[in-house]
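Below is one structure, written out as structure tokens, with a few remarks after it.
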Amino acid sequence: MQTQTKEPRREVTPAALVRGSAFLMLALAGVAALAVVIPFFFLGNASGHDFEFHLASWMEVARQWRAGILYPRWAELANWGFGEPRFIFYPPASWMLGAALSFVFPWQMVPGAFIWLALTLAGVAMFALAREYLPVRDAMAAGVLFAINPYHLVLVYWRSDFAELLASGLIPLAVLFAVRTATEPRRAFAPLALVTAGVWLCNAPAAVVVTYAVALVLVVVAALARSARPLACGGGGLALGLALAGFYIVPAAFEQNWINISEVLSTGLQIRENFPFTRTADAEHTFFNFIVSWVAAGVVVATLAAMFGTARLRREQPRLWWVLMAVVAVSTILMFPVTTPVWTYLPKLRYVQFPWRSLLVLDVPFAFLLSAVLGRLRGAGKHAAWAMTLGALAVTGVLLTRGNWWDSGGARDFYEEHFYNGAGYFGTDEYGPRGSDHYDLNQQAPLVGLGNAGTGATEPEACMEVQQWAPVRKQFMVRSSQPVTAALRLLNYPAWRAEVNGKPAPALSNPQTGQMLISLPAGVSRVQVAFATTPDRLWGSGISAVAFVILAGLESASRRRRWQRGKAGSAS
């Protein structure tokens with residue numbers, strides 16, 4: 001008599017138990033996240049590489065929300081009030097969340113609250129993936145390990161990359177729904193689209209990494225299933241997700257020709273300078289690179305060690321096992337200099353900047369496999385193994401809090417210095433309008449300076465009155481006995497539209513700085529400069545709207561099919 005090997009059946013869990021485990025996971029992830037932010041209560045804010053950039057974005061957005069601008073595009077106080085279009089190019093999820101938290105907490109607490117929320121959500125997302133394949137306790141352990149994994153600690157204490165941290169929390173869901181395309185494509189399509197959109201709206205470099213990772217997972221599951229269905233379903237989900245985020249992606253892609261985008265790959269930010277254990281002429285850069293390199297080495301070693309204890313997982317869940325192995329292999333190999341051509345020539349991959357960013361994806365098998373292996377231990381050995389694991393994470397966290405910069409005043413001082421009186425803050429190189437140089441801007445320049453149209457000398461007989469100076473609209477009136485040139489405290493950008501006495505007028509740029517210049521005739525000139533809605537933004541919003549309608553239609557059809565099946569089942 002022949003016997004057949006069957007796939008193990010997934011345990012049917014009562015809905016109440018599922019909800020209870022989810023709430024418990026939320027509590028555990030919250031406690032783990034709280035442990036990460038405890039130093040903030042005693043040392044102030046961890047002022048990492050991107051700390052001030054994110055703070056400025058949050059404060060700028062909160063300020064513009066209070067002015068009635070729901071979706072800012074122009075950062076008015078950047079470059080000491082000359083502005084920059086950072087909100088066109090930087091994804092909105094992180095700066096909207098940071099600004100929203102400021103309406104609940106004082107600024108000093110907003111960074112810690114953001115980190116706590118992002119790590120808690122990351123733990124819950126990892127639990128959602130692991131619960132599909134592991135016992136509930138092991139799935140919860142995976143959620144905790146993922147929330148406080150070493151790379152997240154680097155992001156918190158050294159890099160202050162809040163957007164990347166937020167994006168990382170969605171990666172387990174991306175893996176979950178990509179794997180699900182092989183067995184339940186209809187259940188996977190819409191969630192994969194939503195997660196894809198979410199990642200792209202959090203952080204662009206992380207989104208590039210995740211998009212390639214999802215493509216890898218889809219190729220693996222399609223090869224194992226010997227079917228193109230996962231590729232079709234997953235590819236469609238990725239495409240729909242990109243379309244959902246079109247309101248951000250389209251303008252960012254189109255208008256990057258209007259800014260100094262090449263600065264994003266300037267010295268120190270290139271792939272070849274950031275492979276693990278690479279030395280450069282910049283001692284601080286090398287020091288940090290060695291820190292993140294040792295973290296990467298530890299994660300890789302721990303993950304590879306856990307792989308040896310997953311024979312049972314390979315037998316019971318071969319599809320997931322091969323997916324995790326592929327992710328481990330590719331993520332690890334990409335951190336070696338031999339992959340420089342891959343980083344250089346694959347589309348957009350060079351904008352990831354740091355090869356160790358592949359840890360974003362590697363952290364998923366790290367947490368999953370380690371929890372799976374430790375969960376199979378019994379007795380005192382299990383307790384000892386978990387104690388060693390958590391102890392290693394605690395030691396890593398303590399070491400990472402040493403040598404970094406802690407600012408006791410932190411966000412509070414930053415707000416008082418740059419925003420309380422509207423003084424402004426230093427902008428970013430890559431978001432400066434093409435041809436501008438914010439290093440040469442006069443920080444004491446008036447809102448509108450008047451000069452002789454021919455010589456550029458100050459025009460003493462002209463007078464000026466500013467009537468409105470809002471983030472997206474400037475209005476002023478000039479009276480002059482002869483033609484003058486108005487030099488605005490504003491960087492010129494193609495989206496700005498100038499009118500003089502109700503008629504369109506050309507806005508020129510100072511060749512050294514990029515400051516906006518408007519030539520005015522003799523007499524009375526009523527000038528209005530407004531940040532216009534460009535065609536690319538209209539196209540992006542339209543694409544997102546169409547994608548949302550498609551997604552809503554698919555979800556409605558899915559609900560209708562489930563209702564009809566339920567009705568047929570009850571009738572029979």
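Just remember, in the structure tokens the first chain shown is A, the second B, etc., residues are 1-based per chain, and ligands are 1-based in the order shown.
Excluding Ala125 (chain A) itself and any same-chain residue fewer than 2 positions from it, the protein and nucleic acid residues within 9 Å of it, counting only C-alpha atoms, are Thr120, Leu121, Ala122, Gly123, Phe127, Ala128, Leu129, Ala130, Gly143, Gly169, Leu170, Ile171, Pro172 and Leu173 of chain A.
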Restricted to N, CA and C atoms, what would the selected residues look like written as an mmCIF file, in the first residue's frame?
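selection.cif was written with the following content:
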data_model
loop_
_atom_site.group_PDB
_atom_site.id
_atom_site.type_symbol
_atom_site.label_atom_id
_atom_site.label_comp_id
_atom_site.auth_asym_id
_atom_site.auth_seq_id
_atom_site.Cartn_x
_atom_site.Cartn_y
_atom_site.Cartn_z
ATOM 1 N N THR A 120 7.366 49.289 17.382
ATOM 2 C CA THR A 120 6.194 48.487 17.763
ATOM 3 C C THR A 120 5.491 47.938 16.535
ATOM 4 N N LEU A 121 5.291 48.770 15.550
ATOM 5 C CA LEU A 121 4.651 48.318 14.305
ATOM 6 C C LEU A 121 5.506 47.279 13.594
ATOM 7 N N ALA A 122 6.828 47.441 13.654
ATOM 8 C CA ALA A 122 7.726 46.460 13.036
ATOM 9 C C ALA A 122 7.569 45.098 13.693
ATOM 10 N N GLY A 123 7.490 45.076 15.022
ATOM 11 C CA GLY A 123 7.306 43.808 15.723
ATOM 12 C C GLY A 123 5.998 43.137 15.364
ATOM 13 N N PHE A 127 5.411 39.552 13.394
ATOM 14 C CA PHE A 127 4.533 38.536 13.984
ATOM 15 C C PHE A 127 3.517 38.047 12.958
ATOM 16 N N ALA A 128 2.989 38.951 12.139
ATOM 17 C CA ALA A 128 2.015 38.562 11.114
ATOM 18 C C ALA A 128 2.618 37.575 10.125
ATOM 19 N N LEU A 129 3.888 37.789 9.767
ATOM 20 C CA LEU A 129 4.559 36.836 8.873
ATOM 21 C C LEU A 129 4.839 35.520 9.585
ATOM 22 N N ALA A 130 5.449 35.573 10.763
ATOM 23 C CA ALA A 130 5.869 34.356 11.449
ATOM 24 C C ALA A 130 4.695 33.511 11.901
ATOM 25 N N GLY A 143 8.738 38.479 16.364
ATOM 26 C CA GLY A 143 8.342 39.881 16.334
ATOM 27 C C GLY A 143 9.219 40.745 17.218
ATOM 28 N N GLY A 169 9.591 48.474 8.974
ATOM 29 C CA GLY A 169 8.498 47.751 9.605
ATOM 30 C C GLY A 169 7.527 47.112 8.638
ATOM 31 N N LEU A 170 7.549 47.535 7.373
ATOM 32 C CA LEU A 170 6.636 46.970 6.378
ATOM 33 C C LEU A 170 7.248 45.794 5.617
ATOM 34 N N ILE A 171 8.548 45.576 5.769
ATOM 35 C CA ILE A 171 9.224 44.554 4.958
ATOM 36 C C ILE A 171 8.721 43.146 5.246
ATOM 37 N N PRO A 172 8.480 42.741 6.512
ATOM 38 C CA PRO A 172 7.932 41.391 6.722
ATOM 39 C C PRO A 172 6.601 41.176 5.997
ATOM 40 N N LEU A 173 5.770 42.200 5.926
ATOM 41 C CA LEU A 173 4.493 42.068 5.217
ATOM 42 C C LEU A 173 4.721 41.924 3.720
#
key: Backbone-only DSSP, strand (DSSP E or B) members of region 33-185 of chain A, as a list in words   =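 Matching residues for strand (DSSP E or B) in region 33-185 of chain A are Asn45, Ala46, Ala75, Ala78 and Glu84 of chain A.
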message = One number please: CA of Trp469 (chain A) to CA of Gln444 (chain A), in Å, one decimal.
response =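 Answer for the CA of Trp469 (chain A) to CA of Gln444 (chain A) separation: 16.4 Å.
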remark   = Computed gap from CA of Ala174 (chain A) to CA of Phe275 (chain A) is 25.7 Å
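Note that CA of Leu166 (chain A) and CA of Ser541 (chain A) are 23.4 Å apart.
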request  = Tell me, as a list in words, which residues lie within 7 Å of Asn501 (chain A), counting only C-alpha atoms; anything in the same chain fewer than 4 positions away does not count.
outcome  =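 Here the answer would be Ser525, Arg526 and Val527 of chain A.
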Write a file of the selected residues as a PDB file, in the first residue's frame, keeping C-alpha atoms.
ATOM      1  CA  SER A 525       4.193  97.317  -9.412  1.00  0.00           C
ATOM      2  CA  ARG A 526       1.965  94.835  -7.639  1.00  0.00           C
ATOM      3  CA  VAL A 527       3.869  91.550  -7.577  1.00  0.00           C
TER       4      VAL A 527
END
If you count only C-alpha atoms, which residues fall within 12 Å of Leu238 (chain A), apart from same-chain ones fewer than 2 positions away, as a PDB file with C-alpha atoms, in the first residue's frame?
ATOM      1  CA  ALA A 174       6.042  42.470   1.773  1.00  0.00           C
ATOM      2  CA  PHE A 177       2.273  38.655   0.603  1.00  0.00           C
ATOM      3  CA  ALA A 178       4.926  37.913  -2.029  1.00  0.00           C
ATOM      4  CA  THR A 181       1.089  34.786  -4.413  1.00  0.00           C
ATOM      5  CA  ALA A 188      -2.097  38.537  -1.914  1.00  0.00           C
ATOM      6  CA  PHE A 189      -2.607  40.987  -4.760  1.00  0.00           C
ATOM      7  CA  ALA A 190      -4.225  43.945  -2.996  1.00  0.00           C
ATOM      8  CA  PRO A 191      -2.170  43.690   0.245  1.00  0.00           C
ATOM      9  CA  LEU A 192       1.065  43.504  -1.746  1.00  0.00           C
ATOM     10  CA  ALA A 193       0.043  46.629  -3.653  1.00  0.00           C
ATOM     11  CA  LEU A 194      -0.721  48.482  -0.418  1.00  0.00           C
ATOM     12  CA  VAL A 195       2.561  47.442   1.226  1.00  0.00           C
ATOM     13  CA  THR A 196       4.518  48.432  -1.887  1.00  0.00           C
ATOM     14  CA  ALA A 197       2.880  51.842  -1.872  1.00  0.00           C
ATOM     15  CA  GLY A 198       3.528  52.172   1.852  1.00  0.00           C
ATOM     16  CA  VAL A 199       7.243  51.461   1.532  1.00  0.00           C
ATOM     17  CA  TRP A 200       7.642  53.929  -1.331  1.00  0.00           C
ATOM     18  CA  ALA A 207      11.788  51.108  -1.344  1.00  0.00           C
ATOM     19  CA  VAL A 208      14.365  50.283  -4.013  1.00  0.00           C
ATOM     20  CA  VAL A 210      12.352  46.126  -1.008  1.00  0.00           C
ATOM     21  CA  THR A 211      11.197  46.212  -4.640  1.00  0.00           C
ATOM     22  CA  TYR A 212      14.177  44.144  -5.733  1.00  0.00           C
ATOM     23  CA  ALA A 213      13.689  41.812  -2.743  1.00  0.00           C
ATOM     24  CA  VAL A 214      10.036  41.226  -3.618  1.00  0.00           C
ATOM     25  CA  ALA A 215      11.037  40.524  -7.211  1.00  0.00           C
ATOM     26  CA  LEU A 218       8.448  36.148  -6.671  1.00  0.00           C
ATOM     27  CA  PRO A 230       3.170  34.326  -8.858  1.00  0.00           C
ATOM     28  CA  LEU A 231       5.127  36.535 -11.252  1.00  0.00           C
ATOM     29  CA  ALA A 232       1.954  37.839 -12.866  1.00  0.00           C
ATOM     30  CA  CYS A 233       0.138  38.398  -9.589  1.00  0.00           C
ATOM     31  CA  GLY A 234       3.137  39.797  -7.741  1.00  0.00           C
ATOM     32  CA  GLY A 235       4.247  41.941 -10.648  1.00  0.00           C
ATOM     33  CA  GLY A 236       0.737  43.328 -10.924  1.00  0.00           C
ATOM     34  CA  LEU A 240      -0.445  48.827  -8.683  1.00  0.00           C
ATOM     35  CA  GLY A 241       1.462  49.789  -5.539  1.00  0.00           C
ATOM     36  CA  LEU A 242       3.722  52.118  -7.533  1.00  0.00           C
ATOM     37  CA  ALA A 243       0.630  53.626  -9.130  1.00  0.00           C
ATOM     38  CA  LEU A 244      -0.994  54.166  -5.724  1.00  0.00           C
ATOM     39  CA  ALA A 245       2.094  56.136  -4.698  1.00  0.00           C
ATOM     40  CA  ALA A 547      -5.123  53.005  -8.998  1.00  0.00           C
TER      41      ALA A 547
END
For the alpha helix (DSSP H) assignment from backbone DSSP, which residues of region 282-433 of chain A qualify? Please present them as a tab-separated table (two decimals) with N, CA and C atoms, in the first residue's frame.
chain	number	residue	atom	x	y	z
A	283	ALA	N	37.96	60.14	8.58
A	283	ALA	CA	38.08	59.27	9.75
A	283	ALA	C	36.73	58.98	10.39
A	284	GLU	N	35.85	59.97	10.47
A	284	GLU	CA	34.53	59.76	11.07
A	284	GLU	C	33.69	58.80	10.23
A	285	HIS	N	33.78	58.95	8.90
A	285	HIS	CA	33.07	58.04	8.00
A	285	HIS	C	33.54	56.61	8.19
A	286	THR	N	34.86	56.45	8.26
A	286	THR	CA	35.42	55.10	8.45
A	286	THR	C	35.00	54.52	9.80
A	287	PHE	N	35.00	55.36	10.83
A	287	PHE	CA	34.62	54.88	12.17
A	287	PHE	C	33.19	54.34	12.17
A	288	PHE	N	32.27	55.11	11.60
A	288	PHE	CA	30.89	54.63	11.56
A	288	PHE	C	30.76	53.41	10.67
A	289	ASN	N	31.48	53.41	9.54
A	289	ASN	CA	31.38	52.27	8.63
A	289	ASN	C	31.81	50.98	9.31
A	290	PHE	N	32.81	51.06	10.18
A	290	PHE	CA	33.24	49.87	10.91
A	290	PHE	C	32.19	49.45	11.94
A	291	ILE	N	31.50	50.41	12.52
A	291	ILE	CA	30.44	50.07	13.48
A	291	ILE	C	29.33	49.28	12.78
A	292	VAL	N	28.83	49.82	11.69
A	292	VAL	CA	27.74	49.15	11.00
A	292	VAL	C	28.24	47.85	10.35
A	293	SER	N	29.53	47.79	10.02
A	293	SER	CA	30.09	46.56	9.43
A	293	SER	C	30.11	45.43	10.45
A	294	TRP	N	30.51	45.74	11.70
A	294	TRP	CA	30.49	44.71	12.74
A	294	TRP	C	29.07	44.25	13.04
A	295	VAL	N	28.13	45.19	13.00
A	295	VAL	CA	26.72	44.81	13.18
A	295	VAL	C	26.27	43.88	12.05
A	296	ALA	N	26.63	44.23	10.82
A	296	ALA	CA	26.27	43.39	9.68
A	296	ALA	C	26.88	42.00	9.80
A	297	ALA	N	28.16	41.96	10.22
A	297	ALA	CA	28.82	40.66	10.37
A	297	ALA	C	28.12	39.82	11.42
A	298	GLY	N	27.72	40.44	12.52
A	298	GLY	CA	27.03	39.70	13.57
A	298	GLY	C	25.69	39.16	13.10
A	299	VAL	N	24.94	39.96	12.37
A	299	VAL	CA	23.64	39.51	11.86
A	299	VAL	C	23.82	38.37	10.87
A	300	VAL	N	24.79	38.48	10.00
A	300	VAL	CA	25.03	37.43	9.00
A	300	VAL	C	25.43	36.12	9.68
A	301	VAL	N	26.36	36.20	10.63
A	301	VAL	CA	26.82	34.99	11.32
A	301	VAL	C	25.66	34.34	12.08
A	302	ALA	N	24.88	35.14	12.80
A	302	ALA	CA	23.75	34.58	13.56
A	302	ALA	C	22.73	33.94	12.64
A	303	THR	N	22.48	34.56	11.49
A	303	THR	CA	21.49	34.01	10.54
A	303	THR	C	22.00	32.72	9.93
A	304	LEU	N	23.27	32.70	9.53
A	304	LEU	CA	23.83	31.48	8.94
A	304	LEU	C	23.86	30.35	9.96
A	305	ALA	N	24.16	30.68	11.22
A	305	ALA	CA	24.15	29.64	12.25
A	305	ALA	C	22.75	29.09	12.46
A	306	ALA	N	21.76	29.97	12.41
A	306	ALA	CA	20.38	29.51	12.60
A	306	ALA	C	19.92	28.62	11.45
A	307	MET	N	20.48	28.83	10.26
A	307	MET	CA	20.09	28.03	9.10
A	307	MET	C	20.35	26.54	9.33
A	311	ALA	N	16.29	22.28	9.51
A	311	ALA	CA	15.97	21.13	8.63
A	311	ALA	C	14.48	20.81	8.68
A	312	ARG	N	13.90	20.91	9.86
A	312	ARG	CA	12.46	20.63	9.98
A	312	ARG	C	11.64	21.66	9.22
A	313	LEU	N	12.04	22.91	9.29
A	313	LEU	CA	11.34	23.95	8.54
A	313	LEU	C	11.43	23.69	7.05
A	314	ARG	N	12.57	23.21	6.60
A	314	ARG	CA	12.73	22.90	5.17
A	314	ARG	C	11.78	21.79	4.74
A	315	ARG	N	11.57	20.82	5.62
A	315	ARG	CA	10.65	19.73	5.27
A	315	ARG	C	9.20	20.19	5.30
A	316	GLU	N	8.85	21.00	6.32
A	316	GLU	CA	7.45	21.36	6.51
A	316	GLU	C	7.02	22.54	5.64
A	318	PRO	N	8.81	24.08	2.64
A	318	PRO	CA	9.93	24.23	1.70
A	318	PRO	C	9.89	25.54	0.93
A	319	ARG	N	8.69	26.02	0.60
A	319	ARG	CA	8.61	27.27	-0.16
A	319	ARG	C	9.20	28.43	0.64
A	320	LEU	N	8.77	28.57	1.88
A	320	LEU	CA	9.29	29.65	2.71
A	320	LEU	C	10.78	29.47	2.96
A	321	TRP	N	11.21	28.24	3.20
A	321	TRP	CA	12.61	27.99	3.49
A	321	TRP	C	13.49	28.46	2.33
A	322	TRP	N	13.13	28.11	1.11
A	322	TRP	CA	13.93	28.51	-0.04
A	322	TRP	C	13.88	30.02	-0.26
A	323	VAL	N	12.75	30.63	0.04
A	323	VAL	CA	12.66	32.09	-0.06
A	323	VAL	C	13.64	32.74	0.92
A	324	LEU	N	13.62	32.28	2.16
A	324	LEU	CA	14.53	32.84	3.17
A	324	LEU	C	15.98	32.60	2.81
A	325	MET	N	16.30	31.42	2.28
A	325	MET	CA	17.67	31.14	1.88
A	325	MET	C	18.12	32.07	0.75
A	326	ALA	N	17.23	32.31	-0.20
A	326	ALA	CA	17.57	33.21	-1.31
A	326	ALA	C	17.80	34.63	-0.78
A	327	VAL	N	16.95	35.07	0.14
A	327	VAL	CA	17.11	36.41	0.71
A	327	VAL	C	18.43	36.51	1.46
A	328	VAL	N	18.76	35.49	2.26
A	328	VAL	CA	20.02	35.49	3.00
A	328	VAL	C	21.21	35.54	2.05
A	329	ALA	N	21.18	34.69	1.03
A	329	ALA	CA	22.31	34.61	0.11
A	329	ALA	C	22.52	35.92	-0.64
A	330	VAL	N	21.47	36.44	-1.23
A	330	VAL	CA	21.61	37.66	-2.05
A	330	VAL	C	21.95	38.86	-1.17
A	331	SER	N	21.28	39.00	-0.02
A	331	SER	CA	21.55	40.14	0.85
A	331	SER	C	22.98	40.12	1.36
A	332	THR	N	23.50	38.94	1.65
A	332	THR	CA	24.88	38.84	2.14
A	332	THR	C	25.88	39.13	1.04
A	333	ILE	N	25.68	38.54	-0.12
A	333	ILE	CA	26.62	38.73	-1.23
A	333	ILE	C	26.69	40.19	-1.65
A	340	THR	N	29.98	45.32	-7.03
A	340	THR	CA	29.94	46.72	-7.45
A	340	THR	C	29.23	46.92	-8.80
A	341	PRO	N	29.47	46.08	-9.83
A	341	PRO	CA	28.74	46.26	-11.09
A	341	PRO	C	27.22	46.13	-10.92
A	342	VAL	N	26.78	45.26	-10.02
A	342	VAL	CA	25.34	45.12	-9.79
A	342	VAL	C	24.77	46.42	-9.24
A	343	TRP	N	25.44	46.97	-8.24
A	343	TRP	CA	24.98	48.23	-7.65
A	343	TRP	C	25.04	49.37	-8.67
A	344	THR	N	25.99	49.29	-9.57
A	344	THR	CA	26.21	50.39	-10.52
A	344	THR	C	25.22	50.38	-11.67
A	345	TYR	N	24.89	49.20	-12.19
A	345	TYR	CA	24.16	49.14	-13.45
A	345	TYR	C	22.69	48.75	-13.32
A	359	LEU	N	20.75	44.95	4.84
A	359	LEU	CA	20.34	44.42	6.15
A	359	LEU	C	18.85	44.62	6.38
A	360	LEU	N	18.25	45.60	5.73
A	360	LEU	CA	16.81	45.81	5.85
A	360	LEU	C	16.04	44.54	5.55
A	361	VAL	N	16.48	43.83	4.52
A	361	VAL	CA	15.80	42.60	4.11
A	361	VAL	C	16.35	41.41	4.88
A	362	LEU	N	17.65	41.39	5.12
A	362	LEU	CA	18.28	40.27	5.83
A	362	LEU	C	17.74	40.13	7.25
A	363	ASP	N	17.27	41.23	7.84
A	363	ASP	CA	16.75	41.16	9.21
A	363	ASP	C	15.51	40.28	9.32
A	364	VAL	N	14.79	40.08	8.22
A	364	VAL	CA	13.60	39.22	8.26
A	364	VAL	C	13.99	37.76	8.51
A	365	PRO	N	14.86	37.15	7.68
A	365	PRO	CA	15.28	35.78	8.01
A	365	PRO	C	16.07	35.70	9.31
A	366	PHE	N	16.80	36.74	9.67
A	366	PHE	CA	17.51	36.75	10.95
A	366	PHE	C	16.54	36.51	12.10
A	367	ALA	N	15.47	37.29	12.17
A	367	ALA	CA	14.52	37.15	13.27
A	367	ALA	C	13.72	35.86	13.16
A	368	PHE	N	13.31	35.50	11.94
A	368	PHE	CA	12.48	34.31	11.76
A	368	PHE	C	13.25	33.04	12.08
A	369	LEU	N	14.41	32.87	11.47
A	369	LEU	CA	15.16	31.61	11.64
A	369	LEU	C	15.67	31.46	13.07
A	370	LEU	N	16.11	32.55	13.66
A	370	LEU	CA	16.61	32.46	15.03
A	370	LEU	C	15.49	32.06	15.99
A	371	SER	N	14.31	32.63	15.79
A	371	SER	CA	13.17	32.26	16.64
A	371	SER	C	12.73	30.83	16.40
A	372	ALA	N	12.76	30.40	15.14
A	372	ALA	CA	12.37	29.03	14.82
A	372	ALA	C	13.30	28.02	15.47
A	373	VAL	N	14.61	28.30	15.43
A	373	VAL	CA	15.59	27.37	16.00
A	373	VAL	C	15.50	27.36	17.52
A	374	LEU	N	15.46	28.54	18.14
A	374	LEU	CA	15.40	28.60	19.60
A	374	LEU	C	14.08	28.05	20.13
A	375	GLY	N	13.03	28.18	19.34
A	375	GLY	CA	11.74	27.68	19.76
A	375	GLY	C	11.68	26.17	19.84
A	379	GLY	N	13.57	22.87	27.76
A	379	GLY	CA	14.14	22.92	29.09
A	379	GLY	C	15.11	24.06	29.32
A	380	ALA	N	16.11	23.74	30.13
A	380	ALA	CA	17.07	24.76	30.52
A	380	ALA	C	17.87	25.28	29.34
A	381	GLY	N	18.10	24.43	28.35
A	381	GLY	CA	18.84	24.85	27.16
A	381	GLY	C	18.14	25.97	26.43
A	382	LYS	N	16.82	25.89	26.37
A	382	LYS	CA	16.05	26.93	25.69
A	382	LYS	C	16.17	28.26	26.43
A	383	HIS	N	16.01	28.20	27.76
A	383	HIS	CA	16.12	29.43	28.54
A	383	HIS	C	17.51	30.04	28.44
A	384	ALA	N	18.53	29.18	28.45
A	384	ALA	CA	19.90	29.69	28.35
A	384	ALA	C	20.15	30.33	26.98
A	385	ALA	N	19.62	29.69	25.93
A	385	ALA	CA	19.82	30.23	24.57
A	385	ALA	C	19.14	31.59	24.42
A	386	TRP	N	17.92	31.70	24.94
A	386	TRP	CA	17.22	32.98	24.86
A	386	TRP	C	17.90	34.04	25.71
A	387	ALA	N	18.42	33.65	26.85
A	387	ALA	CA	19.14	34.61	27.69
A	387	ALA	C	20.38	35.13	26.97
A	388	MET	N	21.09	34.25	26.30
A	388	MET	CA	22.28	34.66	25.56
A	388	MET	C	21.90	35.57	24.40
A	389	THR	N	20.82	35.25	23.69
A	389	THR	CA	20.39	36.06	22.54
A	389	THR	C	19.99	37.46	22.98
A	390	LEU	N	19.12	37.53	23.98
A	390	LEU	CA	18.67	38.84	24.45
A	390	LEU	C	19.82	39.61	25.11
A	391	GLY	N	20.72	38.87	25.79
A	391	GLY	CA	21.88	39.52	26.37
A	391	GLY	C	22.78	40.13	25.30
A	392	ALA	N	22.96	39.40	24.19
A	392	ALA	CA	23.79	39.92	23.10
A	392	ALA	C	23.16	41.18	22.50
A	393	LEU	N	21.84	41.17	22.35
A	393	LEU	CA	21.16	42.36	21.84
A	393	LEU	C	21.30	43.53	22.81
A	394	ALA	N	21.18	43.23	24.11
A	394	ALA	CA	21.31	44.29	25.11
A	394	ALA	C	22.71	44.88	25.09
A	395	VAL	N	23.72	44.02	25.00
A	395	VAL	CA	25.10	44.51	24.95
A	395	VAL	C	25.32	45.34	23.70
A	396	THR	N	24.77	44.88	22.58
A	396	THR	CA	24.89	45.65	21.33
A	396	THR	C	24.27	47.03	21.50
A	397	GLY	N	23.06	47.06	22.10
A	397	GLY	CA	22.40	48.34	22.31
A	397	GLY	C	23.21	49.28	23.19
A	398	VAL	N	23.76	48.74	24.29
A	398	VAL	CA	24.56	49.56	25.21
A	398	VAL	C	25.80	50.10	24.50
A	399	LEU	N	26.48	49.24	23.73
A	399	LEU	CA	27.68	49.68	23.02
A	399	LEU	C	27.35	50.76	21.99
A	400	LEU	N	26.19	50.63	21.34
A	400	LEU	CA	25.82	51.62	20.33
A	400	LEU	C	25.43	52.96	20.94
A	410	GLY	N	18.28	68.74	22.45
A	410	GLY	CA	17.71	68.04	21.32
A	410	GLY	C	16.68	68.82	20.54
A	411	ALA	N	15.52	68.21	20.36
A	411	ALA	CA	14.47	68.78	19.53
A	411	ALA	C	13.98	70.11	20.07
A	412	ARG	N	13.92	70.24	21.39
A	412	ARG	CA	13.44	71.49	21.97
A	412	ARG	C	14.34	72.65	21.59
A	413	ASP	N	15.65	72.48	21.73
A	413	ASP	CA	16.58	73.54	21.39
A	413	ASP	C	16.55	73.85	19.90
A	414	PHE	N	16.42	72.80	19.08
A	414	PHE	CA	16.38	73.00	17.63
A	414	PHE	C	15.18	73.85	17.25
A	415	TYR	N	14.04	73.58	17.87
A	415	TYR	CA	12.83	74.36	17.56
A	415	TYR	C	13.01	75.82	17.98
A	416	GLU	N	13.54	76.03	19.16
A	416	GLU	CA	13.68	77.40	19.65
A	416	GLU	C	14.68	78.19	18.81
A	417	GLU	N	15.71	77.53	18.31
A	417	GLU	CA	16.74	78.23	17.54
A	417	GLU	C	16.30	78.53	16.11
A	418	HIS	N	15.59	77.60	15.49
A	418	HIS	CA	15.33	77.71	14.05
A	418	HIS	C	13.87	78.02	13.69
ask   = Got a sec: who's within 7 Å of Gly449 (chain A), counting only C-alpha atoms, leaving out chain neighbours fewer than 2 positions off, as a PyMOL selection string?
value = chain A and resi 446-447+451+486-488
ask   = Restricting the calculation to only C-alpha atoms, which member of A:Phe548, A:Trp258, A:Phe308, A:Phe40 is positioned closest to Glu84 (chain A)?
value =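 Once distances to Glu84 (chain A) are computed over only C-alpha atoms, the minimum belongs to A:Trp258.
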request  = Have a look at A:Leu508, A:Val472, A:Val500, A:Ala462 and name the one nearest to Ile69 (chain A); count only C-alpha atoms.
outcome  =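 When distances to Ile69 (chain A) are compared using only C-alpha atoms, the smallest one comes from A:Val472.
When only C-alpha atoms are used to measure the gap to Val154 (chain A), the shortest distance among A:Gly112, A:Gly81, A:Pro504, A:Gly48 belongs to A:Gly48.
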request  = Find the residues near Asp50 (chain A): any atom within 9 Å, counting only C-alpha atoms, skip ones fewer than 5 places away on the same chain, and give them as a list in words.
outcome  = Leu55, Trp158, Arg159, Ser160, Asp161 and Phe162 of chain A
key: Shell around Ala75 (chain A) at 7 Å using only C-alpha atoms, local window under 2 positions removed, as a list in words   = Glu60, Arg73, Leu77, Ala78, Gly83, Glu84, Pro85, Arg86 and Phe87 of chain A
